[in-house]
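coords_30.txt follows (compact mmCIF, C-alpha atoms):
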# COMPACT_ATOMS: atom_id res chain seq x y z
CA MET P 1 -66.10 57.55 24.57
CA THR P 2 -62.29 57.62 24.17
CA ASP P 3 -60.76 54.95 21.94
CA PHE P 4 -57.65 54.14 23.95
CA ALA P 5 -56.48 51.70 21.30
CA THR P 6 -55.89 54.52 18.80
CA ALA P 7 -54.83 57.29 21.20
CA PRO P 8 -51.25 58.38 20.46
CA SER P 9 -48.68 57.33 23.03
CA PRO P 10 -46.96 60.23 24.79
CA LYS P 11 -43.52 61.20 23.55
CA PRO P 12 -40.63 60.23 25.82
CA VAL P 13 -39.07 63.11 27.73
CA LEU P 14 -35.62 64.29 26.66
CA GLU P 15 -33.71 66.61 28.95
CA LEU P 16 -31.71 68.96 26.72
CA LEU P 17 -28.76 70.94 28.06
CA ILE P 18 -27.65 73.60 25.57
CA ALA P 19 -24.14 74.94 26.09
CA ALA P 20 -23.43 78.66 26.16
CA PRO P 21 -21.53 80.27 24.65
CA ARG P 22 -21.98 78.48 21.33
CA GLY P 23 -22.23 79.32 17.64
CA PHE P 24 -20.93 82.43 15.91
CA CYS P 25 -17.90 84.18 17.34
CA ALA P 26 -17.00 87.81 16.67
CA GLY P 27 -14.54 86.91 13.89
CA VAL P 28 -17.07 84.78 12.01
CA ASP P 29 -19.80 87.37 12.44
CA ARG P 30 -17.47 90.06 11.08
CA ALA P 31 -16.40 87.96 8.08
CA ILE P 32 -19.97 87.18 7.05
CA ARG P 33 -20.95 90.83 7.45
CA ILE P 34 -18.04 91.90 5.23
CA VAL P 35 -19.35 89.72 2.40
CA GLU P 36 -22.92 90.95 2.88
CA LEU P 37 -21.89 94.62 2.93
CA ALA P 38 -19.61 94.17 -0.08
CA ILE P 39 -22.57 92.82 -2.04
CA GLU P 40 -24.72 95.75 -0.88
CA LYS P 41 -22.03 98.25 -1.86
CA HIS P 42 -20.81 96.78 -5.15
CA GLY P 43 -23.72 94.61 -6.22
CA ALA P 44 -23.44 90.97 -7.18
CA PRO P 45 -21.28 89.18 -7.87
CA VAL P 46 -18.67 89.54 -5.12
CA TYR P 47 -16.02 86.85 -5.24
CA VAL P 48 -14.75 85.10 -2.12
CA ARG P 49 -11.47 83.16 -2.07
CA HIS P 50 -12.19 79.89 -0.25
CA GLU P 51 -15.14 79.38 2.08
CA ILE P 52 -15.57 82.58 4.09
CA VAL P 53 -16.08 80.33 7.14
CA HIS P 54 -16.32 76.56 7.40
CA ASN P 55 -20.09 76.11 7.30
CA LYS P 56 -22.09 74.93 4.28
CA PHE P 57 -25.31 76.61 5.44
CA VAL P 58 -23.56 79.99 5.73
CA VAL P 59 -21.75 79.58 2.40
CA ASP P 60 -24.96 78.59 0.60
CA SER P 61 -26.82 81.54 2.16
CA LEU P 62 -24.17 83.99 0.94
CA ARG P 63 -24.09 82.34 -2.49
CA ALA P 64 -27.84 82.97 -2.74
CA LYS P 65 -27.19 86.69 -2.06
CA GLY P 66 -24.59 86.98 -4.84
CA ALA P 67 -21.30 85.65 -3.47
CA VAL P 68 -19.19 83.46 -5.77
CA PHE P 69 -16.74 81.16 -4.00
CA VAL P 70 -13.50 80.24 -5.74
CA GLU P 71 -10.34 78.42 -4.75
CA GLU P 72 -7.76 80.76 -6.28
CA LEU P 73 -7.50 84.34 -7.51
CA ASP P 74 -7.04 83.32 -11.14
CA GLU P 75 -10.74 82.39 -11.09
CA VAL P 76 -11.70 86.00 -10.26
CA PRO P 77 -12.46 88.10 -13.37
CA PRO P 78 -11.13 91.66 -13.67
CA GLY P 79 -13.13 94.50 -12.20
CA VAL P 80 -14.96 92.67 -9.42
CA PRO P 81 -14.16 92.78 -5.69
CA VAL P 82 -12.79 89.73 -3.88
CA VAL P 83 -12.96 88.88 -0.17
CA PHE P 84 -10.35 86.81 1.66
CA SER P 85 -11.70 84.29 4.18
CA ALA P 86 -11.70 84.57 7.96
CA HIS P 87 -8.89 82.02 8.21
CA GLY P 88 -6.28 84.35 6.72
CA VAL P 89 -4.15 84.11 3.59
CA PRO P 90 -0.42 84.06 2.76
CA LYS P 91 1.12 87.43 1.88
CA SER P 92 1.38 86.28 -1.72
CA VAL P 93 -2.41 86.41 -2.15
CA PRO P 94 -2.99 90.16 -1.57
CA ALA P 95 0.22 90.81 -3.53
CA GLU P 96 -1.23 88.91 -6.49
CA ALA P 97 -4.52 90.81 -6.15
CA GLU P 98 -2.65 94.12 -6.24
CA ASP P 99 -0.64 93.02 -9.28
CA ARG P 100 -3.90 92.29 -11.08
CA GLY P 101 -5.54 95.54 -9.93
CA LEU P 102 -8.26 93.68 -8.02
CA GLU P 103 -10.09 95.45 -5.22
CA TYR P 104 -9.94 93.16 -2.20
CA LEU P 105 -11.35 93.03 1.30
CA ASP P 106 -9.52 91.08 3.98
CA ALA P 107 -11.98 89.29 6.30
CA THR P 108 -9.19 87.60 8.28
CA CYS P 109 -10.21 87.28 11.93
CA PRO P 110 -8.30 89.95 13.90
CA LEU P 111 -7.11 87.25 16.32
CA VAL P 112 -5.57 85.33 13.42
CA SER P 113 -4.01 88.57 12.16
CA LYS P 114 -2.47 89.00 15.62
CA VAL P 115 -0.72 85.63 15.21
CA HIS P 116 0.49 86.72 11.75
CA ARG P 117 2.07 89.87 13.25
CA GLN P 118 3.70 87.84 16.02
CA ALA P 119 5.23 85.50 13.44
CA GLU P 120 6.68 88.40 11.46
CA ARG P 121 8.17 90.00 14.59
CA LEU P 122 9.72 86.76 15.82
CA VAL P 123 11.40 86.02 12.50
CA THR P 124 12.69 89.59 12.37
CA THR P 125 14.35 89.04 15.77
CA GLY P 126 16.07 85.88 14.56
CA HIS P 127 13.79 83.24 16.01
CA HIS P 128 12.75 80.01 14.35
CA ILE P 129 9.07 79.33 15.01
CA LEU P 130 7.56 76.02 16.02
CA PHE P 131 3.95 76.40 14.95
CA VAL P 132 1.39 74.19 16.67
CA GLY P 133 -1.45 73.39 14.29
CA HIS P 134 -3.02 71.00 11.80
CA ALA P 135 -1.38 70.43 8.42
CA GLY P 136 -3.40 71.73 5.50
CA HIS P 137 -5.73 73.94 7.52
CA PRO P 138 -6.20 77.34 5.83
CA GLU P 139 -5.13 79.18 8.98
CA VAL P 140 -1.86 77.24 9.09
CA ILE P 141 -1.21 77.86 5.39
CA GLY P 142 -1.94 81.57 5.87
CA THR P 143 0.36 81.89 8.87
CA PHE P 144 3.25 80.04 7.21
CA GLY P 145 2.79 82.44 4.30
CA GLN P 146 3.64 85.45 6.46
CA VAL P 147 7.33 84.58 6.78
CA PRO P 148 10.10 83.36 4.46
CA GLU P 149 10.11 79.65 3.70
CA GLY P 150 12.03 77.58 6.22
CA GLN P 151 11.45 79.93 9.15
CA MET P 152 8.63 77.85 10.67
CA THR P 153 8.22 74.16 11.53
CA LEU P 154 4.81 72.57 12.02
CA ILE P 155 4.14 70.69 15.25
CA GLU P 156 0.91 68.66 15.27
CA THR P 157 1.31 66.32 18.24
CA VAL P 158 3.23 65.74 21.46
CA ALA P 159 5.25 63.17 19.53
CA ASP P 160 6.24 65.90 17.05
CA ALA P 161 7.24 68.13 19.97
CA GLU P 162 9.43 65.33 21.36
CA ALA P 163 11.03 64.58 18.00
CA VAL P 164 11.75 68.04 16.55
CA MET P 165 15.46 68.87 16.31
CA PRO P 166 15.92 72.58 15.56
CA THR P 167 19.34 73.73 14.41
CA ASN P 168 19.47 76.54 16.98
CA PRO P 169 17.46 75.62 20.10
CA GLU P 170 18.53 78.85 21.83
CA HIS P 171 16.59 80.96 19.32
CA LEU P 172 13.19 79.30 19.26
CA ALA P 173 9.63 80.55 19.67
CA PHE P 174 6.26 78.90 19.36
CA LEU P 175 2.84 80.04 18.17
CA THR P 176 -0.42 78.15 17.77
CA GLN P 177 -3.42 77.91 15.49
CA THR P 178 -6.35 79.71 17.13
CA THR P 179 -8.85 76.82 16.95
CA LEU P 180 -7.01 73.99 18.69
CA SER P 181 -7.94 71.85 21.67
CA VAL P 182 -6.94 73.75 24.80
CA ASP P 183 -5.93 70.57 26.63
CA ASP P 184 -3.99 68.99 23.75
CA THR P 185 -2.17 72.23 23.03
CA ALA P 186 -1.23 72.62 26.69
CA ASP P 187 0.47 69.21 26.57
CA ILE P 188 2.38 70.14 23.40
CA MET P 189 3.46 73.50 24.84
CA ALA P 190 4.61 71.84 28.06
CA THR P 191 6.71 69.41 26.05
CA LEU P 192 8.33 72.19 24.03
CA GLN P 193 9.06 74.24 27.13
CA ARG P 194 10.58 71.23 28.89
CA ARG P 195 12.82 70.40 25.92
CA PHE P 196 13.73 73.99 25.09
CA PRO P 197 13.72 76.12 28.27
CA ALA P 198 14.71 79.25 26.33
CA ILE P 199 11.79 79.01 23.90
CA VAL P 200 9.78 82.24 23.58
CA ALA P 201 6.07 81.82 24.27
CA PRO P 202 3.33 84.16 23.03
CA LYS P 203 2.55 87.03 25.41
CA ALA P 204 -1.06 85.85 25.41
CA ASP P 205 -2.64 82.51 24.53
CA ASP P 206 -3.06 82.22 20.76
CA ILE P 207 -6.08 79.91 21.09
CA CYS P 208 -8.92 82.36 20.66
CA TYR P 209 -11.38 83.27 23.41
CA ALA P 210 -14.29 81.74 21.47
CA THR P 211 -12.58 78.38 21.02
CA SER P 212 -11.63 78.26 24.71
CA ASN P 213 -15.09 79.34 25.87
CA ARG P 214 -16.92 76.78 23.73
CA GLN P 215 -14.66 73.98 24.89
CA ALA P 216 -15.15 74.98 28.53
CA ALA P 217 -18.93 75.05 28.07
CA VAL P 218 -18.96 71.54 26.57
CA LYS P 219 -16.71 70.27 29.34
CA ALA P 220 -19.16 71.72 31.89
CA ILE P 221 -22.16 69.80 30.55
CA ALA P 222 -20.51 66.60 29.31
CA SER P 223 -20.49 64.85 32.66
CA SER P 224 -24.22 65.55 33.12
CA VAL P 225 -25.46 64.13 29.80
CA ASP P 226 -25.55 60.77 28.03
CA LEU P 227 -24.63 62.13 24.60
CA VAL P 228 -23.40 65.41 23.08
CA LEU P 229 -24.36 66.66 19.62
CA VAL P 230 -22.09 69.29 18.06
CA ILE P 231 -23.40 71.35 15.15
CA GLY P 232 -20.60 72.14 12.73
CA ALA P 233 -18.89 71.25 9.48
CA PRO P 234 -16.52 68.29 9.14
CA ASN P 235 -13.78 70.70 7.98
CA SER P 236 -14.32 73.04 10.94
CA SER P 237 -11.38 72.66 13.31
CA ASN P 238 -13.10 74.26 16.30
CA SER P 239 -16.21 72.06 15.85
CA LEU P 240 -14.15 68.87 15.67
CA ARG P 241 -12.37 69.89 18.85
CA LEU P 242 -15.75 70.18 20.65
CA VAL P 243 -16.50 66.55 19.78
CA GLU P 244 -13.10 65.58 21.15
CA VAL P 245 -13.63 67.55 24.37
CA ALA P 246 -16.89 65.73 25.07
CA GLU P 247 -15.36 62.35 24.33
CA ARG P 248 -12.37 63.10 26.52
CA GLU P 249 -14.85 63.61 29.37
CA GLY P 250 -16.16 60.10 28.68
CA THR P 251 -19.33 61.15 26.85
CA PRO P 252 -20.15 59.92 23.33
CA SER P 253 -20.45 62.74 20.80
CA HIS P 254 -21.49 63.21 17.17
CA LEU P 255 -20.82 66.04 14.73
CA ILE P 256 -23.82 67.03 12.58
CA GLN P 257 -24.34 69.84 10.09
CA ARG P 258 -28.15 69.95 10.07
CA GLY P 259 -31.08 68.56 12.01
CA SER P 260 -31.73 66.11 9.19
CA GLU P 261 -28.44 64.33 9.99
CA ILE P 262 -29.62 63.17 13.42
CA ASP P 263 -29.75 59.38 13.63
CA PHE P 264 -32.39 58.64 16.25
CA ALA P 265 -30.68 55.32 16.94
CA TRP P 266 -28.03 57.40 18.72
CA LEU P 267 -30.70 58.49 21.20
CA GLU P 268 -31.83 55.04 22.30
CA GLY P 269 -31.42 54.97 26.06
CA VAL P 270 -30.49 58.68 26.18
CA GLY P 271 -32.37 60.63 28.83
CA THR P 272 -30.21 63.76 28.86
CA LEU P 273 -28.66 65.25 25.74
CA GLY P 274 -26.06 68.00 25.42
CA LEU P 275 -26.09 70.35 22.44
CA THR P 276 -23.64 72.96 21.21
CA ALA P 277 -22.53 74.61 17.98
CA GLY P 278 -19.10 75.44 16.61
CA ALA P 279 -18.02 79.04 16.05
CA SER P 280 -19.07 78.96 12.37
CA ALA P 281 -22.60 77.61 12.95
CA PRO P 282 -25.53 80.05 13.20
CA GLU P 283 -28.09 79.88 16.00
CA MET P 284 -30.88 79.02 13.56
CA LEU P 285 -29.25 75.61 13.10
CA VAL P 286 -29.47 75.05 16.86
CA ARG P 287 -33.20 75.75 16.70
CA GLU P 288 -33.49 73.46 13.66
CA VAL P 289 -31.92 70.62 15.65
CA VAL P 290 -34.24 71.25 18.61
CA ASP P 291 -37.24 71.17 16.25
CA ARG P 292 -36.03 67.89 14.78
CA LEU P 293 -35.65 66.37 18.24
CA SER P 294 -39.15 67.58 19.13
CA GLU P 295 -40.56 65.28 16.45
CA ARG P 296 -39.73 62.29 18.66
CA PHE P 297 -39.37 63.70 22.15
CA GLU P 298 -40.96 66.04 24.63
CA ILE P 299 -38.05 68.45 25.04
CA ARG P 300 -37.22 69.97 28.40
CA GLU P 301 -34.65 72.54 27.40
CA ARG P 302 -32.17 74.32 29.66
CA GLU P 303 -29.28 76.58 28.72
CA VAL P 304 -26.08 76.19 30.71
CA GLU P 305 -24.15 79.46 30.42
CA MET P 306 -20.51 79.52 31.44
CA THR P 307 -19.66 83.04 30.33
CA ARG P 308 -21.15 85.84 28.27
CA GLU P 309 -19.31 87.08 25.18
CA THR P 310 -19.54 90.75 24.28
CA LEU P 311 -16.51 91.20 22.00
CA THR P 312 -17.06 92.72 18.57
CA PHE P 313 -14.57 93.60 15.82
CA LYS P 314 -14.56 96.69 13.64
CA LEU P 315 -15.38 96.37 9.97
CA PRO P 316 -12.86 97.47 7.31
CA ARG P 317 -12.89 101.18 6.57
CA GLY P 318 -15.39 102.07 3.88
CA LEU P 319 -17.67 99.12 4.60
CA GLU P 320 -19.53 100.49 7.59
CA PRO P 321 -23.28 100.11 7.02
CA VAL P 322 -25.10 103.31 6.18
CA ALA P 323 -27.53 104.37 8.90
CA ALA P 324 -31.17 104.24 7.87
What does the file become when written as C-alpha cells?
Amino acid sequence: MTDFATAPSPKPVLELLIAAPRGFCAGVDRAIRIVELAIEKHGAPVYVRHEIVHNKFVVDSLRAKGAVFVEELDEVPPGVPVVFSAHGVPKSVPAEAEDRGLEYLDATCPLVSKVHRQAERLVTTGHHILFVGHAGHPEVIGTFGQVPEGQMTLIETVADAEAVMPTNPEHLAFLTQTTLSVDDTADIMATLQRRFPAIVAPKADDICYATSNRQAAVKAIASSVDLVLVIGAPNSSNSLRLVEVAEREGTPSHLIQRGSEIDFAWLEGVGTLGLTAGASAPEMLVREVVDRLSERFEIREREVEMTRETLTFKLPRGLEPVAA
C-alpha cells in the first residue's frame, strides 16, 4: 500500500531556453591553448601576465596545470616563458620582456590585434582617434599603448561623444573595444558621425563576431523567458553586456560564475528561464548550472541557435601540438 503522506511531491517544470552561440569564442580558445601548449613544451611553471581570460574557473584550471599568474613582468623570474593575455598589451610590455631576455608568447586575440594595427595606421596618417571603450579595461589599456600618448581620447558614453572637443575635427577617426554592447556602441558612433561628418570609421565593425553573436542570441530568447541567467565573471565585459542586453529587452537578468551562485528565490514564479554564457566561460559551467537547476526543477531544455560559429585562429609558430 502506497503511503501518500510521505511520497515526494513532483518537481515543478522549468522550461529552459539555452542560447547559441554561447561560451568560448575562437580568441579565448586560442589563448587557453597557448598556455596549455607552453606548459607542455617548457614544463611548469609558465608565467602569464594578467588573467589569460576573465574567468576564475579557467584561470584556476590553468594554475593547477602549472601556470603562474602575475600582474607585471617584474614578477617573472629570469629564464621562464611568459604569456600575454588575450586582451592585448601595450607595446612597452613586449619591449620590456625583450630587454630582460624573456621568452614570451603573445596570446592577444587576433581581432584585438587588428584594432591595434588600425590604431597605428591612423596615427601614422595624422588622425586623432576617439576610442570607444571602458576605462581601465585591459583591452583599452593595451590599445592606447600602441600609439604615442595624446593620440587617442576615450569615449565611454553618448554624453562623452556629445562633449568631446578635438583640436582638429577634420582629422578624426574612431575605433572601438571589441566586447561592447552593439546597441550602445551604435548610438555612440551615430553621435560621433553626426558631430564630425569627416570622421574616419573602421572598414569593418570592431565589435567582434562572438560578442555580436552572443548578444543577438540573448536578444532572441529574452522576450520568450521570465528571467535570463548569464554565466561569466564580474570583470568580463562581454558577459556584463549580455546581462544588459536581456534587461534592455525588459527581462530581468543575473550574472553568475558557478551553479552554486544561483539564488532559487530568483526563480519564484519563473516558468521559462533563459541561459547563456559569456565568451570566456566554458561549456562545462553551462552543464553545471543545468545540474544545479535540476535539483529543484524538472528541466525541459531546448537550445535556440541563431548562428553557427566555425572560425578558428592559428597558434603562434612553434607551438603547434605534435601529432600523436
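With all atoms listed in the file as the atoms that count, the residue of P:Gly250, P:Gly88, P:Gly232, P:Gly278 with the shortest distance to P:Ile141 is P:Gly88.
Nearest-residue note for P:Leu267: choosing from P:Gly136, P:Pro252, P:Gly145, P:Gly79, the minimum distance belongs to P:Pro252, counting all atoms listed in the file.
The smallest atom-to-atom distance between P:Ser181 and any of P:Lys65, P:Lys91, P:Arg300, P:Arg241, using all atoms listed in the file, is found for P:Arg241.
From atom CA of P:Gly133 back to atom CA of P:Val182, the distance works out to 11.9 Å.
Distances to P:Arg22 were evaluated for P:Cys208, P:Ala163, P:Ala277, P:Ile199 using all atoms listed in the file, and the minimum falls at P:Ala277.
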Residues near stretch 282-293 of chain P, anyone? I mean within 10 Å using all atoms listed in the file, not counting same-chain ones fewer than 2 positions away, as a count of residues only. 37
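The residue that comes closest to P:Ala201, out of P:Ile155, P:Leu273, P:Ile129, P:Ala26 and on the basis of all atoms listed in the file, is P:Ile129.
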Test item: residues at most 9 Å from P:Leu154, only C-alpha atoms, excluding those fewer than 6 positions along its chain, as a PyMOL selection string: chain P and resi 129-135+140+160
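Proximity of P:Glu72, P:Glu96, P:Asp106, P:Glu170 to P:Gln193, computed with all atoms listed in the file, is greatest for P:Glu170.
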Give me stretch 181-192 of chain P with all heavy atoms filled in, as a PDB file, in the coordinates of the input.
ATOM      1  N   SER P 181      -7.512  72.318  20.359  1.00  0.00           N
ATOM      2  CA  SER P 181      -7.940  71.850  21.670  1.00  0.00           C
ATOM      3  C   SER P 181      -7.057  72.489  22.744  1.00  0.00           C
ATOM      4  O   SER P 181      -5.826  72.416  22.679  1.00  0.00           O
ATOM      5  CB  SER P 181      -7.805  70.324  21.744  1.00  0.00           C
ATOM      6  OG  SER P 181      -7.768  69.887  23.082  1.00  0.00           O
ATOM      7  N   VAL P 182      -7.697  73.101  23.719  1.00  0.00           N
ATOM      8  CA  VAL P 182      -6.940  73.750  24.800  1.00  0.00           C
ATOM      9  C   VAL P 182      -6.080  72.727  25.535  1.00  0.00           C
ATOM     10  O   VAL P 182      -4.895  72.966  25.804  1.00  0.00           O
ATOM     11  CB  VAL P 182      -7.907  74.451  25.777  1.00  0.00           C
ATOM     12  CG1 VAL P 182      -7.154  74.984  26.989  1.00  0.00           C
ATOM     13  CG2 VAL P 182      -8.651  75.590  25.069  1.00  0.00           C
ATOM     14  N   ASP P 183      -6.655  71.567  25.850  1.00  0.00           N
ATOM     15  CA  ASP P 183      -5.930  70.570  26.630  1.00  0.00           C
ATOM     16  C   ASP P 183      -4.779  69.958  25.831  1.00  0.00           C
ATOM     17  O   ASP P 183      -3.658  69.823  26.336  1.00  0.00           O
ATOM     18  CB  ASP P 183      -6.886  69.463  27.085  1.00  0.00           C
ATOM     19  CG  ASP P 183      -7.902  69.970  28.107  1.00  0.00           C
ATOM     20  OD1 ASP P 183      -7.615  70.984  28.765  1.00  0.00           O
ATOM     21  OD2 ASP P 183      -8.978  69.362  28.228  1.00  0.00           O
ATOM     22  N   ASP P 184      -5.054  69.580  24.573  1.00  0.00           N
ATOM     23  CA  ASP P 184      -3.990  68.990  23.750  1.00  0.00           C
ATOM     24  C   ASP P 184      -2.850  69.962  23.531  1.00  0.00           C
ATOM     25  O   ASP P 184      -1.671  69.591  23.581  1.00  0.00           O
ATOM     26  CB  ASP P 184      -4.550  68.567  22.382  1.00  0.00           C
ATOM     27  CG  ASP P 184      -5.428  67.332  22.472  1.00  0.00           C
ATOM     28  OD1 ASP P 184      -5.428  66.683  23.526  1.00  0.00           O
ATOM     29  OD2 ASP P 184      -6.121  67.037  21.475  1.00  0.00           O
ATOM     30  N   THR P 185      -3.196  71.222  23.286  1.00  0.00           N
ATOM     31  CA  THR P 185      -2.170  72.230  23.030  1.00  0.00           C
ATOM     32  C   THR P 185      -1.332  72.479  24.275  1.00  0.00           C
ATOM     33  O   THR P 185      -0.114  72.686  24.188  1.00  0.00           O
ATOM     34  CB  THR P 185      -2.810  73.530  22.539  1.00  0.00           C
ATOM     35  OG1 THR P 185      -3.631  73.244  21.404  1.00  0.00           O
ATOM     36  CG2 THR P 185      -1.755  74.549  22.131  1.00  0.00           C
ATOM     37  N   ALA P 186      -1.972  72.443  25.439  1.00  0.00           N
ATOM     38  CA  ALA P 186      -1.230  72.620  26.690  1.00  0.00           C
ATOM     39  C   ALA P 186      -0.173  71.531  26.843  1.00  0.00           C
ATOM     40  O   ALA P 186       0.956  71.798  27.280  1.00  0.00           O
ATOM     41  CB  ALA P 186      -2.189  72.609  27.873  1.00  0.00           C
ATOM     42  N   ASP P 187      -0.497  70.298  26.468  1.00  0.00           N
ATOM     43  CA  ASP P 187       0.470  69.210  26.570  1.00  0.00           C
ATOM     44  C   ASP P 187       1.637  69.419  25.601  1.00  0.00           C
ATOM     45  O   ASP P 187       2.797  69.171  25.945  1.00  0.00           O
ATOM     46  CB  ASP P 187      -0.214  67.873  26.252  1.00  0.00           C
ATOM     47  CG  ASP P 187      -1.228  67.464  27.316  1.00  0.00           C
ATOM     48  OD1 ASP P 187      -1.141  67.984  28.441  1.00  0.00           O
ATOM     49  OD2 ASP P 187      -2.101  66.637  27.008  1.00  0.00           O
ATOM     50  N   ILE P 188       1.327  69.891  24.392  1.00  0.00           N
ATOM     51  CA  ILE P 188       2.380  70.140  23.400  1.00  0.00           C
ATOM     52  C   ILE P 188       3.286  71.277  23.872  1.00  0.00           C
ATOM     53  O   ILE P 188       4.524  71.180  23.805  1.00  0.00           O
ATOM     54  CB  ILE P 188       1.767  70.460  22.026  1.00  0.00           C
ATOM     55  CG1 ILE P 188       1.041  69.234  21.467  1.00  0.00           C
ATOM     56  CG2 ILE P 188       2.856  70.928  21.046  1.00  0.00           C
ATOM     57  CD1 ILE P 188       0.238  69.512  20.208  1.00  0.00           C
ATOM     58  N   MET P 189       2.673  72.356  24.371  1.00  0.00           N
ATOM     59  CA  MET P 189       3.460  73.500  24.840  1.00  0.00           C
ATOM     60  C   MET P 189       4.355  73.102  26.010  1.00  0.00           C
ATOM     61  O   MET P 189       5.517  73.517  26.096  1.00  0.00           O
ATOM     62  CB  MET P 189       2.538  74.657  25.220  1.00  0.00           C
ATOM     63  CG  MET P 189       1.842  75.292  24.028  1.00  0.00           C
ATOM     64  SD  MET P 189       0.957  76.827  24.415  1.00  0.00           S
ATOM     65  CE  MET P 189      -0.272  76.238  25.570  1.00  0.00           C
ATOM     66  N   ALA P 190       3.812  72.284  26.910  1.00  0.00           N
ATOM     67  CA  ALA P 190       4.610  71.840  28.060  1.00  0.00           C
ATOM     68  C   ALA P 190       5.808  71.018  27.603  1.00  0.00           C
ATOM     69  O   ALA P 190       6.916  71.148  28.150  1.00  0.00           O
ATOM     70  CB  ALA P 190       3.734  71.029  29.011  1.00  0.00           C
ATOM     71  N   THR P 191       5.605  70.208  26.588  1.00  0.00           N
ATOM     72  CA  THR P 191       6.710  69.410  26.050  1.00  0.00           C
ATOM     73  C   THR P 191       7.784  70.303  25.439  1.00  0.00           C
ATOM     74  O   THR P 191       8.990  70.108  25.679  1.00  0.00           O
ATOM     75  CB  THR P 191       6.176  68.424  24.991  1.00  0.00           C
ATOM     76  OG1 THR P 191       5.191  67.577  25.586  1.00  0.00           O
ATOM     77  CG2 THR P 191       7.304  67.582  24.417  1.00  0.00           C
ATOM     78  N   LEU P 192       7.365  71.285  24.640  1.00  0.00           N
ATOM     79  CA  LEU P 192       8.330  72.190  24.030  1.00  0.00           C
ATOM     80  C   LEU P 192       9.095  72.985  25.081  1.00  0.00           C
ATOM     81  O   LEU P 192      10.319  73.171  24.976  1.00  0.00           O
ATOM     82  CB  LEU P 192       7.609  73.151  23.070  1.00  0.00           C
ATOM     83  CG  LEU P 192       6.995  72.526  21.814  1.00  0.00           C
ATOM     84  CD1 LEU P 192       6.207  73.581  21.036  1.00  0.00           C
ATOM     85  CD2 LEU P 192       8.070  71.905  20.925  1.00  0.00           C
TER      86      LEU P 192
END
